[in-house]
$ cat final.csv   # CSV, C-alpha atoms
chain,number,residue,atom,x,y,z
A,587,MET,CA,-6.8,22.6,-17.7
A,588,ASN,CA,-4.0,22.0,-20.2
A,589,GLU,CA,-3.4,18.3,-20.7
A,590,GLN,CA,0.4,18.7,-20.5
A,591,THR,CA,0.8,21.2,-17.8
A,592,SER,CA,-1.3,20.4,-14.7
A,593,GLY,CA,0.4,23.0,-12.4
A,594,GLU,CA,2.0,20.8,-9.9
A,595,GLU,CA,4.2,18.3,-11.8
A,596,HIS,CA,5.3,14.9,-10.4
A,597,PRO,CA,7.8,12.3,-11.3
A,598,LEU,CA,6.4,9.0,-12.6
A,599,GLN,CA,7.1,5.4,-11.5
A,600,LEU,CA,6.7,2.6,-14.0
A,601,THR,CA,6.7,-1.0,-12.6
A,602,HIS,CA,7.1,-3.9,-15.0
A,603,PHE,CA,5.0,-7.0,-14.4
A,604,GLY,CA,6.4,-9.1,-17.3
A,605,ALA,CA,4.8,-9.7,-20.7
A,606,ALA,CA,3.3,-6.3,-21.7
A,607,GLY,CA,2.1,-5.5,-18.2
A,608,TRP,CA,2.8,-2.2,-16.4
A,609,LYS,CA,1.8,0.0,-13.5
A,610,ILE,CA,2.3,3.7,-14.1
A,611,THR,CA,1.7,6.1,-11.2
A,612,ASP,CA,2.5,9.7,-10.1
A,613,GLY,CA,1.8,8.7,-6.5
A,614,LYS,CA,-1.9,9.9,-6.8
A,615,LYS,CA,-3.4,8.1,-9.8
A,616,VAL,CA,-2.6,4.6,-11.0
A,617,LEU,CA,-2.8,3.4,-14.6
A,618,LEU,CA,-2.3,-0.2,-15.6
A,619,VAL,CA,-1.3,-1.5,-19.0
A,620,ASP,CA,-2.1,-5.1,-20.0
A,621,PRO,CA,-1.8,-6.3,-16.4
A,622,TYR,CA,-1.0,-10.0,-16.6
A,623,PHE,CA,0.4,-12.2,-13.8
A,624,SER,CA,-1.0,-15.7,-14.2
A,625,ARG,CA,1.8,-16.7,-16.7
A,626,VAL,CA,-0.1,-19.7,-18.0
A,627,ARG,CA,2.1,-22.5,-19.2
A,628,TYR,CA,0.6,-23.2,-22.6
A,629,ALA,CA,1.3,-25.4,-25.7
A,630,GLY,CA,-0.4,-26.8,-28.7
A,631,LYS,CA,-0.7,-26.3,-32.4
A,632,THR,CA,-1.5,-22.6,-32.2
A,633,PHE,CA,1.1,-21.8,-29.6
A,634,GLY,CA,4.0,-24.2,-30.1
A,635,ASP,CA,5.3,-27.8,-29.5
A,636,PRO,CA,3.0,-29.4,-26.9
A,637,ASP,CA,5.9,-31.6,-25.7
A,638,ALA,CA,8.5,-28.9,-25.4
A,639,PRO,CA,9.6,-28.1,-21.9
A,640,ILE,CA,8.7,-24.5,-21.1
A,641,SER,CA,11.1,-23.9,-18.2
A,642,PRO,CA,13.4,-26.4,-16.3
A,643,GLY,CA,11.7,-27.5,-13.1
A,644,ASP,CA,8.3,-26.0,-14.1
A,645,THR,CA,5.7,-28.7,-13.0
A,646,ARG,CA,2.6,-26.6,-13.5
A,647,PRO,CA,-0.1,-28.0,-15.8
A,648,ILE,CA,0.2,-27.3,-19.5
A,649,PHE,CA,-2.9,-25.6,-21.0
A,650,ARG,CA,-4.0,-26.0,-24.6
A,651,PRO,CA,-6.3,-23.9,-26.8
A,652,GLN,CA,-9.5,-25.7,-25.8
A,653,ASP,CA,-8.7,-25.6,-22.0
A,654,VAL,CA,-10.5,-23.3,-19.6
A,655,LEU,CA,-8.3,-20.6,-18.0
A,656,SER,CA,-8.6,-19.2,-14.5
A,657,SER,CA,-6.9,-16.1,-13.2
A,658,ASP,CA,-4.4,-16.6,-10.4
A,659,THR,CA,-6.1,-14.1,-8.2
A,660,GLU,CA,-3.9,-14.8,-5.2
A,661,LEU,CA,-0.9,-13.8,-7.2
A,662,VAL,CA,-2.6,-10.8,-8.7
A,663,ASP,CA,-3.6,-9.6,-5.3
A,664,ARG,CA,0.0,-9.6,-4.0
A,665,HIS,CA,0.9,-7.0,-6.6
A,666,ILE,CA,-2.3,-4.9,-7.2
A,667,ASP,CA,-4.2,-3.1,-4.5
A,668,SER,CA,-5.5,-0.1,-6.4
A,669,ALA,CA,-6.0,1.3,-9.9
A,670,ASP,CA,-7.8,4.1,-11.6
A,671,TYR,CA,-7.4,3.2,-15.3
A,672,ILE,CA,-6.6,-0.1,-17.1
A,673,VAL,CA,-5.7,0.2,-20.8
A,674,VAL,CA,-5.6,-3.0,-22.8
A,675,SER,CA,-3.9,-3.4,-26.1
A,676,HIS,CA,-5.7,-6.5,-27.3
A,677,SER,CA,-7.7,-9.4,-25.9
A,678,HIS,CA,-5.3,-12.4,-25.9
A,679,PHE,CA,-5.3,-14.1,-22.6
A,680,ASN,CA,-1.7,-13.0,-21.8
A,681,HIS,CA,-2.9,-9.4,-21.9
A,682,CYS,CA,-6.5,-9.6,-20.8
A,683,MET,CA,-7.4,-12.6,-18.6
A,684,ASP,CA,-6.4,-11.0,-15.2
A,685,MET,CA,-8.0,-7.7,-16.1
A,686,PRO,CA,-11.6,-8.5,-15.0
A,687,HIS,CA,-10.5,-9.5,-11.4
A,688,ILE,CA,-8.4,-6.3,-11.1
A,689,ALA,CA,-11.3,-4.1,-12.4
A,690,ARG,CA,-13.8,-5.7,-10.1
A,691,LYS,CA,-11.4,-5.3,-7.1
A,692,THR,CA,-10.3,-1.7,-7.8
A,693,GLY,CA,-13.2,-0.2,-9.7
A,694,ALA,CA,-10.8,1.0,-12.4
A,695,LEU,CA,-12.1,2.2,-15.8
A,696,VAL,CA,-11.2,-0.3,-18.5
A,697,ILE,CA,-10.3,1.1,-21.9
A,698,GLY,CA,-10.1,-1.4,-24.7
A,699,THR,CA,-11.7,-2.9,-27.8
A,700,TYR,CA,-15.1,-4.4,-28.2
A,701,SER,CA,-13.5,-7.8,-27.5
A,702,THR,CA,-11.8,-6.5,-24.3
A,703,THR,CA,-14.9,-5.0,-22.8
A,704,ASN,CA,-16.9,-8.1,-23.7
A,705,ILE,CA,-14.4,-10.1,-21.7
A,706,ALA,CA,-14.7,-7.7,-18.8
A,707,ARG,CA,-18.5,-7.7,-19.0
A,708,VAL,CA,-19.0,-11.4,-18.9
A,709,ASN,CA,-16.7,-11.6,-15.9
A,710,GLY,CA,-18.8,-9.2,-13.9
A,711,VAL,CA,-17.2,-5.9,-14.4
A,712,ASP,CA,-19.8,-3.1,-14.0
A,713,GLU,CA,-20.9,-1.5,-17.3
A,714,GLN,CA,-20.1,2.0,-16.0
A,715,GLN,CA,-16.4,1.0,-15.8
A,716,LEU,CA,-16.2,0.0,-19.5
A,717,ILE,CA,-15.1,2.3,-22.3
A,718,THR,CA,-15.0,0.6,-25.7
A,719,VAL,CA,-12.7,2.2,-28.3
A,720,LYS,CA,-12.2,1.7,-32.0
A,721,GLY,CA,-9.0,3.8,-32.5
A,722,GLY,CA,-8.9,7.6,-33.1
A,723,GLU,CA,-10.4,8.5,-29.7
A,724,ASP,CA,-8.6,11.1,-27.6
A,725,TYR,CA,-10.1,11.4,-24.2
A,726,GLN,CA,-9.4,13.6,-21.2
A,727,PHE,CA,-9.6,12.1,-17.7
A,728,ASP,CA,-8.8,14.7,-15.0
A,729,ASP,CA,-5.1,15.4,-15.6
A,730,ILE,CA,-4.5,12.4,-17.9
A,731,ALA,CA,-5.3,12.4,-21.6
A,732,ILE,CA,-5.4,9.1,-23.5
A,733,ARG,CA,-5.3,8.9,-27.2
A,734,VAL,CA,-6.2,5.5,-28.9
A,735,MET,CA,-4.4,4.5,-32.1
A,736,ASN,CA,-5.1,1.5,-34.3
A,737,SER,CA,-2.1,-0.9,-34.3
A,738,LEU,CA,-1.2,-4.4,-35.3
A,739,HIS,CA,-0.4,-7.6,-33.5
A,740,SER,CA,3.1,-9.2,-33.8
A,741,PRO,CA,3.7,-11.4,-36.8
A,742,LEU,CA,3.9,-15.0,-35.5
A,743,ALA,CA,4.6,-18.3,-37.2
A,744,ALA,CA,6.9,-16.9,-39.9
A,745,LYS,CA,4.7,-14.0,-40.8
A,746,ARG,CA,1.6,-16.2,-41.2
A,747,TYR,CA,-0.2,-15.1,-38.0
A,748,PHE,CA,-3.7,-13.8,-38.5
A,749,GLU,CA,-6.8,-14.3,-36.4
A,750,TRP,CA,-10.4,-13.6,-37.6
A,751,GLY,CA,-13.2,-12.5,-35.4
A,752,GLU,CA,-13.9,-10.8,-32.1
A,753,VAL,CA,-15.0,-11.9,-28.6
A,754,PRO,CA,-18.8,-11.7,-29.1
A,755,ARG,CA,-21.1,-9.8,-26.8
A,756,ASP,CA,-22.8,-13.1,-25.9
A,757,VAL,CA,-19.6,-15.0,-25.0
A,758,GLU,CA,-20.2,-17.3,-22.1
A,759,ARG,CA,-18.2,-18.3,-19.1
A,760,PRO,CA,-16.0,-20.2,-18.5
A,761,LEU,CA,-13.6,-18.8,-21.1
A,762,ARG,CA,-11.2,-21.2,-22.8
A,763,MET,CA,-7.8,-20.1,-24.1
A,764,ILE,CA,-9.1,-20.0,-27.6
A,765,ASP,CA,-12.0,-17.6,-26.6
A,766,TYR,CA,-9.4,-14.9,-25.9
A,767,CYS,CA,-9.0,-14.0,-29.6
A,768,GLU,CA,-7.0,-10.9,-30.4
A,769,GLY,CA,-10.1,-8.7,-31.4
A,770,GLY,CA,-7.9,-6.0,-32.9
A,771,THR,CA,-4.9,-4.3,-31.4
A,772,MET,CA,-4.5,-0.7,-30.1
A,773,ALA,CA,-1.6,1.5,-29.0
A,774,TYR,CA,-2.0,4.4,-26.6
A,775,TYR,CA,-0.5,7.9,-26.3
A,776,ILE,CA,-0.8,9.1,-22.7
A,777,ARG,CA,-0.2,12.7,-21.7
A,778,TRP,CA,0.2,13.0,-18.0
A,779,GLY,CA,1.4,16.4,-16.8
A,780,VAL,CA,4.7,17.0,-18.6
A,781,HIS,CA,5.1,13.3,-19.5
A,782,ARG,CA,4.1,12.0,-22.9
A,783,ILE,CA,4.1,8.2,-23.0
A,784,VAL,CA,3.5,6.0,-26.0
A,785,VAL,CA,2.6,2.4,-25.2
A,786,PHE,CA,2.6,-0.6,-27.6
A,787,GLY,CA,1.4,-4.0,-26.5
A,788,SER,CA,2.7,-6.1,-29.4
A,789,MET,CA,5.6,-6.1,-31.8
A,790,ASN,CA,4.1,-4.3,-34.8
A,791,PHE,CA,2.5,-0.9,-35.6
A,792,ILE,CA,0.7,1.1,-38.2
A,793,GLU,CA,3.1,3.9,-39.2
A,794,ARG,CA,0.5,6.2,-40.8
A,795,ASP,CA,-1.6,6.1,-37.5
A,796,LEU,CA,1.3,7.5,-35.4
A,797,LEU,CA,0.5,11.1,-36.1
A,798,ASP,CA,1.7,14.2,-34.2
A,799,ILE,CA,3.4,12.2,-31.4
A,800,ASP,CA,6.3,13.7,-29.5
A,801,ALA,CA,6.9,11.1,-26.8
A,802,THR,CA,9.2,11.5,-23.9
A,803,ILE,CA,8.8,7.9,-22.8
A,804,ALA,CA,8.2,4.9,-25.1
A,805,LEU,CA,7.3,1.4,-24.0
A,806,VAL,CA,8.4,-0.7,-27.0
A,807,PRO,CA,7.8,-4.5,-27.3
A,808,ALA,CA,11.2,-6.0,-27.9
A,809,ALA,CA,10.9,-9.8,-28.4
A,810,ARG,CA,12.1,-11.7,-31.4
A,811,PRO,CA,8.9,-11.3,-33.6
A,812,ARG,CA,9.9,-7.7,-34.1
A,813,LEU,CA,12.6,-9.0,-36.5
A,814,HIS,CA,9.9,-9.8,-39.0
A,815,ILE,CA,9.1,-6.1,-39.4
A,816,ARG,CA,11.3,-4.0,-41.7
A,817,ASP,CA,13.5,-1.6,-39.7
A,818,TYR,CA,11.1,-2.0,-36.8
A,819,THR,CA,13.0,-0.1,-34.1
A,820,ASP,CA,14.3,2.7,-36.3
A,821,ARG,CA,11.0,3.5,-38.0
A,822,LEU,CA,9.0,3.3,-34.8
A,823,LEU,CA,11.3,5.5,-32.7
A,824,ARG,CA,11.5,8.1,-35.4
A,825,ARG,CA,7.7,8.1,-35.8
A,826,VAL,CA,7.1,8.8,-32.1
A,827,GLY,CA,9.6,11.6,-31.9
A,828,LEU,CA,12.8,9.9,-30.7
A,829,PRO,CA,11.9,9.8,-27.0
A,830,LYS,CA,14.5,10.5,-24.4
A,831,LEU,CA,13.6,7.3,-22.5
A,832,VAL,CA,13.0,3.9,-24.3
A,833,ILE,CA,11.9,1.0,-22.1
A,834,ALA,CA,11.7,-2.5,-23.5
A,835,THR,CA,8.4,-4.3,-22.8
A,836,HIS,CA,7.0,-7.8,-23.9
A,837,TRP,CA,10.6,-9.1,-24.1
A,838,ASP,CA,10.3,-12.1,-21.8
A,839,VAL,CA,9.3,-15.8,-22.0
A,840,GLN,CA,5.9,-15.3,-20.4
A,841,THR,CA,5.1,-19.1,-20.2
A,842,ALA,CA,7.8,-19.3,-17.5
A,843,PRO,CA,6.8,-18.6,-13.9
A,844,TYR,CA,8.3,-15.7,-12.0
A,845,GLY,CA,11.7,-16.5,-10.8
A,846,ALA,CA,12.6,-18.8,-13.7
A,847,SER,CA,15.7,-17.9,-15.8
A,848,GLN,CA,15.1,-15.4,-18.6
A,849,ALA,CA,18.8,-15.4,-19.7
A,850,GLU,CA,18.1,-16.3,-23.3
A,851,ALA,CA,15.3,-13.7,-23.6
A,852,LEU,CA,17.5,-11.0,-22.0
A,853,ALA,CA,20.3,-11.8,-24.4
A,854,GLN,CA,17.9,-11.3,-27.3
A,855,ALA,CA,16.6,-8.0,-25.8
A,856,GLU,CA,20.2,-6.7,-25.8
A,857,THR,CA,20.0,-6.7,-29.6
A,858,PHE,CA,17.0,-4.3,-29.2
A,859,VAL,CA,19.1,-2.0,-27.1
A,860,GLN,CA,21.7,-2.0,-29.9
A,861,GLU,CA,19.0,-1.0,-32.4
A,862,VAL,CA,17.9,1.9,-30.2
A,863,ASN,CA,21.4,3.1,-29.7
A,864,ALA,CA,22.0,3.1,-33.5
A,865,THR,CA,18.9,5.2,-34.1
A,866,SER,CA,19.0,7.4,-31.0
A,867,PRO,CA,22.4,7.4,-29.3
A,868,ASP,CA,21.3,10.0,-26.8
A,869,ALA,CA,18.3,8.1,-25.5
A,870,GLN,CA,18.3,6.1,-22.3
A,871,VAL,CA,17.4,2.5,-22.9
A,872,ILE,CA,16.2,0.2,-20.1
A,873,VAL,CA,15.3,-3.6,-20.2
A,874,PRO,CA,13.5,-4.0,-16.9
A,875,LEU,CA,13.3,-7.3,-15.0
A,876,HIS,CA,10.1,-8.4,-13.5
A,877,PHE,CA,8.8,-6.0,-10.9
A,878,ASP,CA,11.6,-3.5,-11.5
A,879,THR,CA,10.4,0.1,-11.0
A,880,VAL,CA,11.8,2.9,-13.3
A,881,HIS,CA,11.6,6.3,-11.7
A,882,VAL,CA,11.3,9.1,-14.2
A,883,ASP,CA,11.8,12.8,-13.5
A,884,THR,CA,9.8,15.6,-14.9
A,885,ARG,CA,12.3,16.0,-17.8
A,886,GLY,CA,11.6,12.5,-18.9
A,887,HIS,CA,14.9,11.0,-17.7
A,888,ALA,CA,15.1,7.8,-15.6
A,889,TRP,CA,17.0,8.7,-12.4
A,890,LYS,CA,16.7,5.3,-10.7
A,891,VAL,CA,15.8,1.7,-11.5
A,892,GLU,CA,14.6,0.0,-8.3
A,893,HIS,CA,14.9,-3.8,-8.6
A,894,GLY,CA,12.0,-5.9,-7.6
A,895,PRO,CA,12.0,-9.5,-6.4
A,896,ALA,CA,14.2,-12.0,-8.4
$ encode --input "final.csv" --output "structure tokens"
Amino acid sequence: MNEQTSGEEHPLQLTHFGAAGWKITDGKKVLLVDPYFSRVRYAGKTFGDPDAPISPGDTRPIFRPQDVLSSDTELVDRHIDSADYIVVSHSHFNHCMDMPHIARKTGALVIGTYSTTNIARVNGVDEQQLITVKGGEDYQFDDIAIRVMNSLHSPLAAKRYFEWGEVPRDVERPLRMIDYCEGGTMAYYIRWGVHRIVVFGSMNFIERDLLDIDATIALVPAARPRLHIRDYTDRLLRRVGLPKLVIATHWDVQTAPYGASQAEALAQAETFVQEVNATSPDAQVIVPLHFDTVHVDTRGHAWKVEHGPA
């Protein structure tokens, strides 16, 4: 069966969870990207000023790098009832810590790096659900093809971010924040019927690895660290084929709980919209709020944005 023409074509619905988290579905299959709901309130030398308020009125405990993290399973369960695939860009806690609970609950296949699958494994996800990737794989799953591309994490701390190491096979529970090391970063090119979706989980990329991509939909991280990268938006969009629909992801302040103001982050994301418009004036650009659902027709155009809870 041709990976781009499955006979009966369907619109897609893309629901944003905040951070880099998404649910993508055609009404039959469900694919999750970096599903993260726990929105840990963190601080410390690695992550910022330990005394800085994260969000006005937020009284949740502050976690630091040596603290043990626990998934907010009750919150996850409110929003996830099924999944067939989970693709994970990298293994930081704000991309990976809720994944094991979701995988155990749904039986979904987990696709990610050695570090990602080690986190899943130590948290009780069945070995048959784990697909470890290194970049370069292009796998067919029923009517969905998923190509894995090596990528880069966002530059943090004035371009001085770097993190050695991986999550080891013999990692032990309970996992601390510091145990969720990056472990390498991947991007994904998903061909689903007539839809061609390119997904990034962090504000950087490897230009030479984005080969032969003609995306109709791009999920592009849009927070401030992108400004460290030369001509980030222009180069990325041109490399993936100037998609008709560009959706901002990873734009929010993810230490803030759902419902907190994201006004400053949204204002910053509008500069990303301007960058897209300058490079590709005919593209649709959407900055989704938490739990907004973008409905995409079979031509790759968004025909409705359904607003989720405030």
$ closest_residue --input "final.csv" --among "A:Asn863, A:Thr702, A:Thr659, A:Thr835" --to "Asp878 in chain A" --atoms "all atoms listed in the file"
A:Thr835
$ residues_around --input "final.csv" --residues "range 809-822 of chain A" --least-positions-apart "4" --cutoff "8 Å" --atoms "all atoms listed in the file" --output "number ranges by chain"
A: 740-742, 744-745, 789-791, 793, 826, 836-838, 851, 854-855, 858, 861-862, 865
$ atom_distance --input "final.csv" --atom1 "CA of Pro843 in chain A" --atom2 "CA of Tyr766 in chain A"
20.5 Å
$ closest_residue --input "final.csv" --among "A:Phe748, A:Phe623, A:Trp778, A:Phe786" --to "Cys682 in chain A" --atoms "only C-alpha atoms"
A:Phe623
$ closest_residue --input "final.csv" --among "A:Ile803, A:Asn736, A:Arg664, A:Arg625" --to "Ser641 in chain A" --atoms "all atoms listed in the file"
A:Arg625
$ residues_around --input "final.csv" --residues "Leu661 in chain A" --least-positions-apart "3" --cutoff "12 Å" --atoms "only C-alpha atoms" --output "list in words"
Phe603, Pro621, Tyr622, Phe623, Ser624, Arg625, Ser656, Ser657, Asp658, Arg664, His665, Ile666, Asp667, Asp684, His687, Ile688, Pro843 and Tyr844 of chain A
$ atom_distance --input "final.csv" --atom1 "CA of His781 in chain A" --atom2 "CA of Thr857 in chain A"
26.9 Å
$ residues_around --input "final.csv" --residues "range 707-712 of chain A" --least-positions-apart "5" --cutoff "7 Å" --atoms "only C-alpha atoms" --output "PDB file with C-alpha atoms, in the frame of the given file"
ATOM      1  CA  PRO A 686     -11.600  -8.500 -15.000  1.00  0.00           C
ATOM      2  CA  ALA A 689     -11.300  -4.100 -12.400  1.00  0.00           C
ATOM      3  CA  ARG A 690     -13.800  -5.700 -10.100  1.00  0.00           C
ATOM      4  CA  GLU A 758     -20.200 -17.300 -22.100  1.00  0.00           C
ATOM      5  CA  ARG A 759     -18.200 -18.300 -19.100  1.00  0.00           C
TER       6      ARG A 759
END
$ atom_distance --input "final.csv" --atom1 "CA of Val626 in chain A" --atom2 "CA of Val806 in chain A"
22.7 Å
$ closest_residue --input "final.csv" --among "A:Leu828, A:Val891, A:Ala808, A:Val662" --to "Ala606 in chain A" --atoms "all atoms listed in the file"
A:Ala808
$ residues_around --input "final.csv" --residues "Arg762 in chain A" --least-positions-apart "5" --cutoff "12 Å" --atoms "only C-alpha atoms" --output "number ranges by chain"
A: 628, 649-657, 678-679, 683, 705, 753, 757, 767
$ closest_residue --input "final.csv" --among "A:Trp889, A:Asp756, A:Glu660, A:Pro642" --to "Ala846 in chain A" --atoms "all atoms listed in the file"
A:Pro642
$ residues_around --input "final.csv" --residues "Val616 in chain A" --least-positions-apart "2" --cutoff "10 Å" --atoms "all atoms listed in the file" --output "list of chain:residue names"
A:Gln599, A:Leu600, A:Lys609, A:Ile610, A:Thr611, A:Asp612, A:Gly613, A:Lys614, A:Leu618, A:Ser668, A:Ala669, A:Asp670, A:Tyr671, A:Ile672, A:Ala694
$ closest_residue --input "final.csv" --among "A:Asn680, A:Thr692, A:Ser675, A:Ser737" --to "Thr718 in chain A" --atoms "only C-alpha atoms"
A:Ser675
